[in-house]
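Engineer: work_34.cif is reproduced below (mmCIF, C-alpha atoms).
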```cif
data_query
#
loop_
_atom_site.label_atom_id
_atom_site.label_comp_id
_atom_site.auth_asym_id
_atom_site.auth_seq_id
_atom_site.Cartn_x
_atom_site.Cartn_y
_atom_site.Cartn_z
CA MET R 500 137.14 73.90 185.58
CA ASN R 501 133.50 72.79 185.87
CA PHE R 502 130.71 74.61 184.04
CA LEU R 503 127.15 75.32 185.19
CA TYR R 504 124.34 76.42 182.92
CA ILE R 505 120.90 77.62 184.06
CA THR R 506 118.00 76.26 182.01
CA ASN R 507 114.65 74.54 182.35
CA ASP R 508 114.39 74.00 178.60
CA LEU R 509 114.29 70.29 177.79
CA TYR R 510 115.76 70.70 174.30
CA THR R 511 118.70 72.74 175.59
CA ALA R 512 119.31 70.38 178.52
CA LYS R 513 119.49 67.37 176.21
CA ALA R 514 121.76 69.20 173.77
CA ILE R 515 124.33 70.28 176.37
CA ASP R 516 124.24 67.12 178.50
CA GLY R 517 127.85 66.18 179.17
CA ILE R 518 129.20 69.41 177.68
CA VAL R 519 128.47 71.25 180.92
CA ASP R 520 129.04 69.58 184.26
CA TYR R 521 125.88 70.84 185.94
CA ILE R 522 122.50 71.70 184.47
CA PHE R 523 121.02 74.26 186.83
CA ILE R 524 117.32 74.70 187.63
CA ASP R 525 116.64 77.91 189.52
CA LEU R 526 113.66 77.96 191.91
CA GLU R 527 114.79 81.04 193.85
CA LYS R 528 112.14 83.76 193.88
CA ASN R 529 111.71 84.93 197.48
CA GLY R 530 113.11 88.45 197.75
CA LYS R 531 115.16 88.28 194.56
CA GLU R 532 113.13 90.71 192.47
CA GLU R 533 113.30 93.35 195.20
CA ARG R 534 117.05 92.90 195.73
CA GLN R 535 118.00 92.96 192.05
CA LYS R 536 115.29 95.24 190.62
CA ASN R 537 117.81 97.67 189.08
CA MET R 538 120.21 95.02 187.80
CA ASP R 539 120.32 93.37 184.39
CA THR R 540 120.03 89.87 185.84
CA VAL R 541 117.96 86.84 184.91
CA LYS R 542 114.87 86.26 187.05
CA SER R 543 114.02 82.62 186.37
CA ASP R 544 110.49 81.30 185.94
CA HIS R 545 111.55 77.74 186.76
CA SER R 546 109.28 75.38 188.68
CA ILE R 547 109.74 72.27 190.78
CA LEU R 548 107.80 70.52 188.00
CA ASP R 549 110.81 71.09 185.72
CA ILE R 550 113.11 68.88 187.80
CA GLU R 551 111.84 65.40 186.94
CA PRO R 552 111.68 65.76 183.14
CA ILE R 553 115.10 67.42 183.00
CA LYS R 554 116.57 64.73 185.25
CA LYS R 555 115.17 61.98 183.03
CA SER R 556 116.51 63.66 179.88
CA ILE R 557 120.17 63.90 180.94
CA LYS R 558 122.69 61.08 181.30
CA LYS R 559 126.08 62.72 181.96
CA SER R 560 125.58 66.13 183.58
CA GLU R 561 124.44 66.42 187.19
CA LEU R 562 121.25 68.28 188.04
CA LEU R 563 121.74 71.25 190.36
CA VAL R 564 118.68 72.96 191.87
CA ARG R 565 118.80 76.34 193.60
CA ILE R 566 116.07 76.59 196.21
CA ASN R 567 114.79 79.68 198.01
CA PRO R 568 116.65 81.15 200.98
CA MET R 569 115.64 79.45 204.22
CA PHE R 570 112.01 80.20 205.12
CA LYS R 571 109.05 78.51 206.83
CA GLY R 572 108.48 76.25 203.85
CA SER R 573 112.10 75.14 203.40
CA TYR R 574 111.59 71.67 204.88
CA ASP R 575 108.88 70.81 202.37
CA GLU R 576 110.70 72.51 199.48
CA ILE R 577 113.96 70.67 200.10
CA ASN R 578 112.24 67.30 200.44
CA SER R 579 110.23 67.90 197.26
CA VAL R 580 113.37 68.84 195.33
CA ILE R 581 115.15 65.70 196.50
CA GLU R 582 112.17 63.49 195.65
CA ALA R 583 111.97 65.05 192.17
CA GLY R 584 115.55 63.97 191.40
CA ALA R 585 118.03 66.77 192.20
CA ASP R 586 121.66 65.64 192.47
CA ILE R 587 122.80 68.83 194.20
CA ILE R 588 120.85 71.49 196.12
CA MET R 589 122.13 75.05 196.28
CA LEU R 590 121.26 77.30 199.22
CA PRO R 591 121.32 81.02 198.30
CA PHE R 592 121.33 84.26 200.28
CA PHE R 593 122.03 82.96 203.77
CA LYS R 594 123.35 85.24 206.49
CA THR R 595 123.88 83.04 209.55
CA VAL R 596 125.52 79.79 210.61
CA GLU R 597 122.13 78.65 211.91
CA GLU R 598 120.50 78.93 208.47
CA VAL R 599 123.20 76.78 206.88
CA ALA R 600 123.09 74.26 209.73
CA GLU R 601 119.31 73.91 209.35
CA PHE R 602 119.67 73.46 205.58
CA LEU R 603 122.32 70.76 205.99
CA ASN R 604 120.27 69.04 208.68
CA ILE R 605 117.20 68.83 206.42
CA VAL R 606 119.23 67.54 203.46
CA ASN R 607 120.89 65.03 205.80
CA ASN R 608 123.44 63.84 203.19
CA ARG R 609 120.71 62.52 200.88
CA VAL R 610 122.12 64.59 198.01
CA LYS R 611 125.13 66.86 197.57
CA THR R 612 124.98 70.48 198.70
CA MET R 613 126.31 73.79 197.44
CA LEU R 614 126.35 77.06 199.37
CA LEU R 615 125.96 80.32 197.45
CA VAL R 616 127.86 83.02 199.34
CA GLU R 617 126.25 86.33 198.40
CA THR R 618 125.85 88.39 201.58
CA ARG R 619 128.36 90.33 203.64
CA GLU R 620 126.99 88.64 206.74
CA ALA R 621 127.78 85.20 205.28
CA VAL R 622 131.36 86.30 204.60
CA ASP R 623 131.71 87.54 208.17
CA CYS R 624 130.80 84.13 209.64
CA LEU R 625 132.22 81.99 206.83
CA ASP R 626 134.95 80.38 208.94
CA GLU R 627 132.34 79.01 211.32
CA ILE R 628 130.07 77.92 208.47
CA LEU R 629 132.89 76.00 206.80
CA ASN R 630 133.34 73.93 209.96
CA LEU R 631 129.88 72.40 209.46
CA LYS R 632 129.71 68.86 208.06
CA GLY R 633 127.98 68.10 204.79
CA ILE R 634 129.01 71.01 202.56
CA GLY R 635 129.85 69.70 199.09
CA TYR R 636 130.69 72.88 197.19
CA VAL R 637 130.73 76.66 197.66
CA HIS R 638 129.98 79.24 194.99
CA ILE R 639 130.43 83.00 195.36
CA GLY R 640 127.52 84.93 193.84
CA LEU R 641 128.85 88.25 192.60
CA ASN R 642 125.51 89.93 191.79
CA ASP R 643 124.03 90.02 195.28
CA LEU R 644 127.40 90.14 197.02
CA SER R 645 128.29 93.32 195.14
CA LEU R 646 124.98 94.84 196.31
CA SER R 647 125.74 93.78 199.86
CA TYR R 648 129.10 95.58 199.67
CA LYS R 649 127.48 98.57 197.91
CA LYS R 650 129.58 98.26 194.77
CA LYS R 651 128.70 99.93 191.47
CA PHE R 652 129.91 97.02 189.34
CA MET R 653 129.88 93.38 190.45
CA PHE R 654 133.36 92.58 189.19
CA GLU R 655 134.85 95.19 191.55
CA LEU R 656 134.90 92.34 194.07
CA LEU R 657 137.53 90.60 191.93
CA CYS R 658 140.00 93.46 192.13
CA ASP R 659 139.43 94.87 195.62
CA GLY R 660 140.50 91.69 197.41
CA THR R 661 137.03 90.58 198.52
CA VAL R 662 136.81 87.41 196.41
CA LYS R 663 140.46 86.63 197.11
CA LYS R 664 139.81 86.81 200.86
CA ILE R 665 136.78 84.53 200.56
CA THR R 666 138.54 81.94 198.41
CA GLN R 667 141.45 81.84 200.82
CA LYS R 668 139.02 80.95 203.60
CA ILE R 669 137.32 78.23 201.56
CA SER R 670 140.61 76.83 200.30
CA LYS R 671 141.66 76.00 203.88
CA SER R 672 138.57 73.80 204.21
CA LYS R 673 139.44 71.78 201.07
CA ILE R 674 135.89 72.32 199.74
CA PRO R 675 135.73 72.91 195.95
CA TYR R 676 134.63 76.45 195.09
CA GLY R 677 133.96 78.82 192.24
CA PHE R 678 132.55 82.27 191.60
CA GLY R 679 130.34 84.28 189.30
CA GLY R 680 129.59 83.73 185.65
CA ILE R 681 131.33 84.28 182.33
CA ALA R 682 130.43 85.16 178.77
CA ALA R 683 132.03 83.48 175.74
CA LEU R 684 135.75 84.00 175.25
CA ASP R 685 136.71 87.50 173.99
CA THR R 686 133.24 88.87 174.81
CA GLY R 687 131.49 90.53 177.73
CA THR R 688 131.22 94.06 179.13
CA LEU R 689 134.33 93.14 181.09
CA LYS R 690 136.23 90.76 178.82
CA SER R 691 135.70 87.18 179.95
CA ASN R 692 139.40 86.49 179.36
CA LEU R 693 140.36 88.54 182.42
CA ILE R 694 137.70 86.86 184.55
CA ILE R 695 138.88 83.41 183.45
CA GLU R 696 142.44 84.38 184.34
CA MET R 697 141.31 85.36 187.82
CA HIS R 698 139.61 81.96 188.16
CA LYS R 699 142.97 80.32 187.53
CA ILE R 700 144.86 82.58 189.92
CA LEU R 701 142.33 81.99 192.71
CA GLU R 702 142.18 78.24 191.94
CA SER R 703 138.45 78.34 191.25
CA LYS R 704 136.93 75.03 190.19
CA GLN R 705 133.57 76.15 188.75
CA VAL R 706 131.81 78.95 186.90
CA ILE R 707 128.31 79.66 185.56
CA LEU R 708 127.93 80.13 181.82
CA SER R 709 125.94 83.36 181.58
CA ARG R 710 123.00 84.48 179.49
CA ALA R 711 125.55 86.44 177.42
CA PHE R 712 127.40 83.16 176.78
CA PHE R 713 124.20 81.57 175.45
CA ASN R 714 123.43 84.60 173.30
CA GLU R 715 126.90 84.46 171.76
CA VAL R 716 126.47 80.73 171.03
CA MET R 717 123.23 81.55 169.22
CA ASN R 718 124.91 84.43 167.37
CA ARG R 719 127.92 82.39 166.26
CA HIS R 720 126.34 78.99 165.67
CA GLY R 721 122.53 79.34 165.50
CA GLN R 722 119.67 77.66 167.36
CA SER R 723 119.88 74.49 165.24
CA ASN R 724 123.54 73.99 166.24
CA ILE R 725 123.22 74.51 169.98
CA GLN R 726 125.06 71.29 170.88
CA THR R 727 127.98 72.03 168.56
CA GLY R 728 127.98 75.69 169.56
CA PHE R 729 128.17 74.97 173.27
CA LYS R 730 130.95 72.44 172.79
CA VAL R 731 133.01 74.75 170.60
CA GLU R 732 132.69 77.73 172.97
CA VAL R 733 133.24 75.70 176.15
CA ASP R 734 136.30 74.05 174.58
CA LYS R 735 137.69 77.50 173.73
CA ILE R 736 137.44 78.51 177.37
CA LYS R 737 139.04 75.26 178.53
CA GLU R 738 141.92 75.67 176.11
CA TYR R 739 142.44 79.31 177.08
CA TYR R 740 142.40 78.38 180.78
CA LYS R 741 144.85 75.52 180.22
CA ASN R 742 147.36 77.69 178.36
CA LEU R 743 147.25 80.77 180.59
CA ARG R 744 150.67 81.90 181.72
CA GLU R 745 151.10 82.51 185.42
CA ARG R 746 150.60 86.15 186.39
CA ASP R 747 150.49 87.82 189.78
CA TYR R 748 147.09 88.52 191.36
CA ASP R 749 147.81 92.23 191.76
CA VAL R 750 148.71 92.63 188.07
CA VAL R 751 145.45 91.06 186.88
CA ALA R 752 143.44 92.85 189.58
CA ASN R 753 144.83 96.19 188.36
CA GLU R 754 143.87 95.34 184.77
CA ILE R 755 140.33 94.49 185.89
CA PHE R 756 140.15 97.73 187.89
CA ALA R 757 141.27 99.77 184.87
CA SER R 758 138.69 98.04 182.67
CA ILE R 759 135.93 98.73 185.19
CA GLU R 760 136.94 102.40 185.35
CA ARG R 761 136.63 102.65 181.58
CA ILE R 762 133.23 100.94 181.64
CA LEU R 763 131.86 103.19 184.40
CA ASN R 764 133.25 106.37 182.82
CA ALA R 765 131.64 105.46 179.49
CA LYS R 766 128.16 105.41 181.03
#
```
How does this structure look as structure tokens?
Structural biologist:
Amino acid sequence: MNFLYITNDLYTAKAIDGIVDYIFIDLEKNGKEERQKNMDTVKSDHSILDIEPIKKSIKKSELLVRINPMFKGSYDEINSVIEAGADIIMLPFFKTVEEVAEFLNIVNNRVKTMLLVETREAVDCLDEILNLKGIGYVHIGLNDLSLSYKKKFMFELLCDGTVKKITQKISKSKIPYGFGGIAALDTGTLKSNLIIEMHKILESKQVILSRAFFNEVMNRHGQSNIQTGFKVEVDKIKEYYKNLRERDYDVVANEIFASIERILNAK
């Protein structure tokens, strides 16, 4: 399991270098505020100027940069991100094969690529998209995808078969994939333990460490121990994942559904 963490903070990036696999700078702004205005999600204030200093400060983790969805300025944005030092570029919120093809054509194998599947339209044409050359990784973004499917709670997609269907498609292409984010072990509105178990069942290879994960690190270990705190909490997840006993998808999906029902009924 590979771990991604979103930050443009130099101190944090240096501290967690090598503990997480990808340090993640988030440039996406176009349309995001409008789409997620009623959701408790992080709206990043990252800048392209953050890329070079973060890249120079890390030695072991790779630098992942999420750009804006394809727009008139994508050519310049992608080239600027590559020149600044990104190892991987993530394309969010695409809806068509043509958007992905244009993105891959601009990147032209100069760096690795990651597609963020977070629209119903992208799911509908995913088989065709996965036939394109140059895709390095795929990640399933549960926040926007749940909005696209008109769900009340983003983790509904884990128990209604949606994420399972998507991962089955990606698995055939042999492209590494992951989905969503997780809090620290034994925490989260929906316990992260269940989400981690679903990662194992669906053979997911990557996950984003959430804002709740960071907050729990601060709570348990303190700001001055961020490096130790991240390592301890990431190692707990790795150990839990490694020792999970095999359970059927439907059993875990039903447990997630029951947990979601309790969460929604409590509101």
Engineer: Suppose a student applies the PyMOL selection byres ((chain R and resi 614-619) around 8) to this structure; what residues should they get, written as a ChimeraX atom specification?
Structural biologist: /R:589-594,612-613,620-623,634,636-645,647-648
Engineer: Once the PyMOL selection byres ((chain R and resi 702) around 9) is applied to the coordinates I shared, what remains selected? I want it as a PDB file with C-alpha atoms, keeping the file's coordinate frame.
Structural biologist:
```pdb
ATOM      1  CA  THR R 666     138.540  81.940 198.410  1.00  0.00           C
ATOM      2  CA  SER R 670     140.610  76.830 200.300  1.00  0.00           C
ATOM      3  CA  TYR R 676     134.630  76.450 195.090  1.00  0.00           C
ATOM      4  CA  GLY R 677     133.960  78.820 192.240  1.00  0.00           C
ATOM      5  CA  MET R 697     141.310  85.360 187.820  1.00  0.00           C
ATOM      6  CA  HIS R 698     139.610  81.960 188.160  1.00  0.00           C
ATOM      7  CA  LYS R 699     142.970  80.320 187.530  1.00  0.00           C
ATOM      8  CA  ILE R 700     144.860  82.580 189.920  1.00  0.00           C
ATOM      9  CA  LEU R 701     142.330  81.990 192.710  1.00  0.00           C
ATOM     10  CA  SER R 703     138.450  78.340 191.250  1.00  0.00           C
ATOM     11  CA  LYS R 704     136.930  75.030 190.190  1.00  0.00           C
TER      12      LYS R 704
END
```
Engineer: Just want the 10 Å neighbourhood of Ile566 (chain R), counted on only C-alpha atoms, with same-chain residues fewer than 6 positions away dropped. Output as a VMD selection string.
Structural biologist: chain R and resid 524 to 529 547 573 576 to 577 580 588 to 591
Engineer: Since I can't run it myself right now, could you work out what the PyMOL selection byres ((chain R and resi 721-738) around 10) selects here and report it as a PyMOL selection string?
Structural biologist: chain R and resi 500-502+510-519+681-685+691-692+695+708+712-720+739-743
Engineer: In Å, with one decimal, what is the gap from CA of Pro568 (chain R) to CA of Lys554 (chain R)?
Structural biologist: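 CA of Pro568 (chain R) sits 22.7 Å away from CA of Lys554 (chain R).
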Engineer: Work out how far CA of Lys571 (chain R) is from CA of Asp586 (chain R), in Å to one decimal.
Structural biologist: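 Computing it gives 23.0 Å between the two atoms.
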Engineer: Could you give me, as a ChimeraX atom specification, the residues within 9 Å of Lys555 (chain R), counting only C-alpha atoms and dropping anything in the same chain fewer than 4 positions from it?
Structural biologist: /R:550-551,584
Engineer: Mind giving me the straight-line distance from CA of Ile762 (chain R) to CA of Gly679 (chain R) in Å, one decimal?
Structural biologist: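 Computed distance, CA of Ile762 (chain R) to CA of Gly679 (chain R), equals 18.6 Å.
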Engineer: Give me the residues within 10 Å of Lys671 (chain R) as an MDAnalysis selection string, counting all atoms listed in the file and dropping any in the same chain fewer than 3 places off.
Structural biologist: chainID R and resid 626 629 666:668 674
Engineer: For Gly660 (chain R), find every residue with an atom within 12 Å (counting only C-alpha atoms), except residues of its own chain fewer than 2 positions away, and show them as a list of chain:residue names.
Structural biologist: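 Result of the neighbour search: R:Phe654, R:Glu655, R:Leu656, R:Leu657, R:Cys658, R:Val662, R:Lys663, R:Lys664, R:Ile665, R:Thr666, R:Gln667, R:Met697, R:Leu701, R:Tyr748, R:Asp749, R:Val751, R:Ala752, R:Asn753, R:Ile755, R:Phe756.
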Engineer: With all atoms listed in the file as the basis for distance, which of R:Asp747, R:Lys651, R:Ile707, R:Lys558 is at the shortest distance from Leu763 (chain R)?
Structural biologist: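 Checking each candidate against Leu763 (chain R), we get R:Lys651 as the closest.
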Engineer: Find the axis-aligned box for region 547-559 of chain R, covering all its listed atoms and adding 8 Å on each side, and write its centre and edge lengths in Å to one decimal as lines of an AutoDock Vina configuration file.
Structural biologist:
```
center_x = 116.9
center_y = 66.7
center_z = 185.3
size_x = 34.3
size_y = 27.2
size_z = 26.9
```
Engineer: Since the input lacks some atoms of region 743-754 of chain R, please model all heavy atoms and print them as a PDB file, in the frame of the given file.
Structural biologist:
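Produced file out11.pdb, reproduced below:
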```
ATOM      1  N   LEU R 743     146.948  79.493 179.955  1.00  0.00           N
ATOM      2  CA  LEU R 743     147.250  80.770 180.590  1.00  0.00           C
ATOM      3  C   LEU R 743     148.612  80.744 181.258  1.00  0.00           C
ATOM      4  O   LEU R 743     148.950  79.803 181.971  1.00  0.00           O
ATOM      5  CB  LEU R 743     146.190  81.090 181.654  1.00  0.00           C
ATOM      6  CG  LEU R 743     144.902  81.758 181.179  1.00  0.00           C
ATOM      7  CD1 LEU R 743     143.865  81.758 182.293  1.00  0.00           C
ATOM      8  CD2 LEU R 743     145.165  83.183 180.698  1.00  0.00           C
ATOM      9  N   ARG R 744     149.390  81.779 181.027  1.00  0.00           N
ATOM     10  CA  ARG R 744     150.670  81.900 181.720  1.00  0.00           C
ATOM     11  C   ARG R 744     150.429  82.466 183.107  1.00  0.00           C
ATOM     12  O   ARG R 744     149.464  83.209 183.337  1.00  0.00           O
ATOM     13  CB  ARG R 744     151.633  82.789 180.942  1.00  0.00           C
ATOM     14  CG  ARG R 744     151.162  84.209 180.728  1.00  0.00           C
ATOM     15  CD  ARG R 744     152.085  84.968 179.789  1.00  0.00           C
ATOM     16  NE  ARG R 744     151.593  86.295 179.491  1.00  0.00           N
ATOM     17  CZ  ARG R 744     151.871  87.377 180.218  1.00  0.00           C
ATOM     18  NH1 ARG R 744     152.632  87.273 181.290  1.00  0.00           N
ATOM     19  NH2 ARG R 744     151.395  88.567 179.876  1.00  0.00           N
ATOM     20  N   GLU R 745     151.271  82.078 184.036  1.00  0.00           N
ATOM     21  CA  GLU R 745     151.100  82.510 185.420  1.00  0.00           C
ATOM     22  C   GLU R 745     151.382  84.011 185.554  1.00  0.00           C
ATOM     23  O   GLU R 745     152.430  84.495 185.156  1.00  0.00           O
ATOM     24  CB  GLU R 745     152.042  81.719 186.335  1.00  0.00           C
ATOM     25  CG  GLU R 745     151.702  80.241 186.442  1.00  0.00           C
ATOM     26  CD  GLU R 745     150.383  79.986 187.148  1.00  0.00           C
ATOM     27  OE1 GLU R 745     150.024  80.786 188.029  1.00  0.00           O
ATOM     28  OE2 GLU R 745     149.715  78.997 186.812  1.00  0.00           O
ATOM     29  N   ARG R 746     150.399  84.721 186.095  1.00  0.00           N
ATOM     30  CA  ARG R 746     150.600  86.150 186.390  1.00  0.00           C
ATOM     31  C   ARG R 746     150.213  86.414 187.827  1.00  0.00           C
ATOM     32  O   ARG R 746     149.399  85.715 188.422  1.00  0.00           O
ATOM     33  CB  ARG R 746     149.782  87.018 185.433  1.00  0.00           C
ATOM     34  CG  ARG R 746     150.262  86.977 183.999  1.00  0.00           C
ATOM     35  CD  ARG R 746     149.912  88.277 183.279  1.00  0.00           C
ATOM     36  NE  ARG R 746     148.481  88.436 183.078  1.00  0.00           N
ATOM     37  CZ  ARG R 746     147.926  89.594 182.700  1.00  0.00           C
ATOM     38  NH1 ARG R 746     148.676  90.678 182.508  1.00  0.00           N
ATOM     39  NH2 ARG R 746     146.616  89.675 182.509  1.00  0.00           N
ATOM     40  N   ASP R 747     150.757  87.470 188.393  1.00  0.00           N
ATOM     41  CA  ASP R 747     150.490  87.820 189.780  1.00  0.00           C
ATOM     42  C   ASP R 747     149.066  88.353 189.938  1.00  0.00           C
ATOM     43  O   ASP R 747     148.535  89.040 189.060  1.00  0.00           O
ATOM     44  CB  ASP R 747     151.506  88.886 190.223  1.00  0.00           C
ATOM     45  CG  ASP R 747     151.344  89.233 191.686  1.00  0.00           C
ATOM     46  OD1 ASP R 747     151.712  88.391 192.531  1.00  0.00           O
ATOM     47  OD2 ASP R 747     150.830  90.328 191.991  1.00  0.00           O
ATOM     48  N   TYR R 748     148.452  88.051 191.064  1.00  0.00           N
ATOM     49  CA  TYR R 748     147.090  88.520 191.360  1.00  0.00           C
ATOM     50  C   TYR R 748     146.971  90.030 191.208  1.00  0.00           C
ATOM     51  O   TYR R 748     146.038  90.533 190.580  1.00  0.00           O
ATOM     52  CB  TYR R 748     146.684  88.103 192.775  1.00  0.00           C
ATOM     53  CG  TYR R 748     145.414  88.792 193.253  1.00  0.00           C
ATOM     54  CD1 TYR R 748     144.159  88.300 192.913  1.00  0.00           C
ATOM     55  CD2 TYR R 748     145.475  89.963 194.014  1.00  0.00           C
ATOM     56  CE1 TYR R 748     143.004  88.940 193.326  1.00  0.00           C
ATOM     57  CE2 TYR R 748     144.320  90.611 194.433  1.00  0.00           C
ATOM     58  CZ  TYR R 748     143.090  90.091 194.093  1.00  0.00           C
ATOM     59  OH  TYR R 748     141.938  90.734 194.488  1.00  0.00           O
ATOM     60  N   ASP R 749     147.911  90.770 191.779  1.00  0.00           N
ATOM     61  CA  ASP R 749     147.810  92.230 191.760  1.00  0.00           C
ATOM     62  C   ASP R 749     147.853  92.791 190.338  1.00  0.00           C
ATOM     63  O   ASP R 749     147.187  93.790 190.040  1.00  0.00           O
ATOM     64  CB  ASP R 749     148.932  92.852 192.592  1.00  0.00           C
ATOM     65  CG  ASP R 749     148.731  92.639 194.079  1.00  0.00           C
ATOM     66  OD1 ASP R 749     147.565  92.511 194.499  1.00  0.00           O
ATOM     67  OD2 ASP R 749     149.735  92.585 194.808  1.00  0.00           O
ATOM     68  N   VAL R 750     148.628  92.173 189.461  1.00  0.00           N
ATOM     69  CA  VAL R 750     148.710  92.630 188.070  1.00  0.00           C
ATOM     70  C   VAL R 750     147.364  92.484 187.380  1.00  0.00           C
ATOM     71  O   VAL R 750     146.857  93.417 186.735  1.00  0.00           O
ATOM     72  CB  VAL R 750     149.798  91.833 187.302  1.00  0.00           C
ATOM     73  CG1 VAL R 750     149.762  92.180 185.810  1.00  0.00           C
ATOM     74  CG2 VAL R 750     151.176  92.115 187.874  1.00  0.00           C
ATOM     75  N   VAL R 751     146.746  91.309 187.522  1.00  0.00           N
ATOM     76  CA  VAL R 751     145.450  91.060 186.880  1.00  0.00           C
ATOM     77  C   VAL R 751     144.360  91.898 187.545  1.00  0.00           C
ATOM     78  O   VAL R 751     143.484  92.448 186.864  1.00  0.00           O
ATOM     79  CB  VAL R 751     145.105  89.562 186.915  1.00  0.00           C
ATOM     80  CG1 VAL R 751     143.739  89.303 186.277  1.00  0.00           C
ATOM     81  CG2 VAL R 751     146.178  88.749 186.197  1.00  0.00           C
ATOM     82  N   ALA R 752     144.416  92.027 188.867  1.00  0.00           N
ATOM     83  CA  ALA R 752     143.440  92.850 189.580  1.00  0.00           C
ATOM     84  C   ALA R 752     143.493  94.298 189.099  1.00  0.00           C
ATOM     85  O   ALA R 752     142.453  94.939 188.912  1.00  0.00           O
ATOM     86  CB  ALA R 752     143.697  92.785 191.087  1.00  0.00           C
ATOM     87  N   ASN R 753     144.688  94.819 188.861  1.00  0.00           N
ATOM     88  CA  ASN R 753     144.830  96.190 188.360  1.00  0.00           C
ATOM     89  C   ASN R 753     144.267  96.329 186.949  1.00  0.00           C
ATOM     90  O   ASN R 753     143.685  97.365 186.602  1.00  0.00           O
ATOM     91  CB  ASN R 753     146.291  96.619 188.397  1.00  0.00           C
ATOM     92  CG  ASN R 753     146.791  96.904 189.802  1.00  0.00           C
ATOM     93  OD1 ASN R 753     145.998  97.231 190.689  1.00  0.00           O
ATOM     94  ND2 ASN R 753     148.087  96.773 190.023  1.00  0.00           N
ATOM     95  N   GLU R 754     144.438  95.301 186.120  1.00  0.00           N
ATOM     96  CA  GLU R 754     143.870  95.340 184.770  1.00  0.00           C
ATOM     97  C   GLU R 754     142.347  95.325 184.824  1.00  0.00           C
ATOM     98  O   GLU R 754     141.678  96.029 184.060  1.00  0.00           O
ATOM     99  CB  GLU R 754     144.386  94.154 183.946  1.00  0.00           C
ATOM    100  CG  GLU R 754     145.837  94.297 183.526  1.00  0.00           C
ATOM    101  CD  GLU R 754     146.275  93.204 182.569  1.00  0.00           C
ATOM    102  OE1 GLU R 754     145.404  92.568 181.937  1.00  0.00           O
ATOM    103  OE2 GLU R 754     147.500  92.983 182.450  1.00  0.00           O
TER     104      GLU R 754
END
```
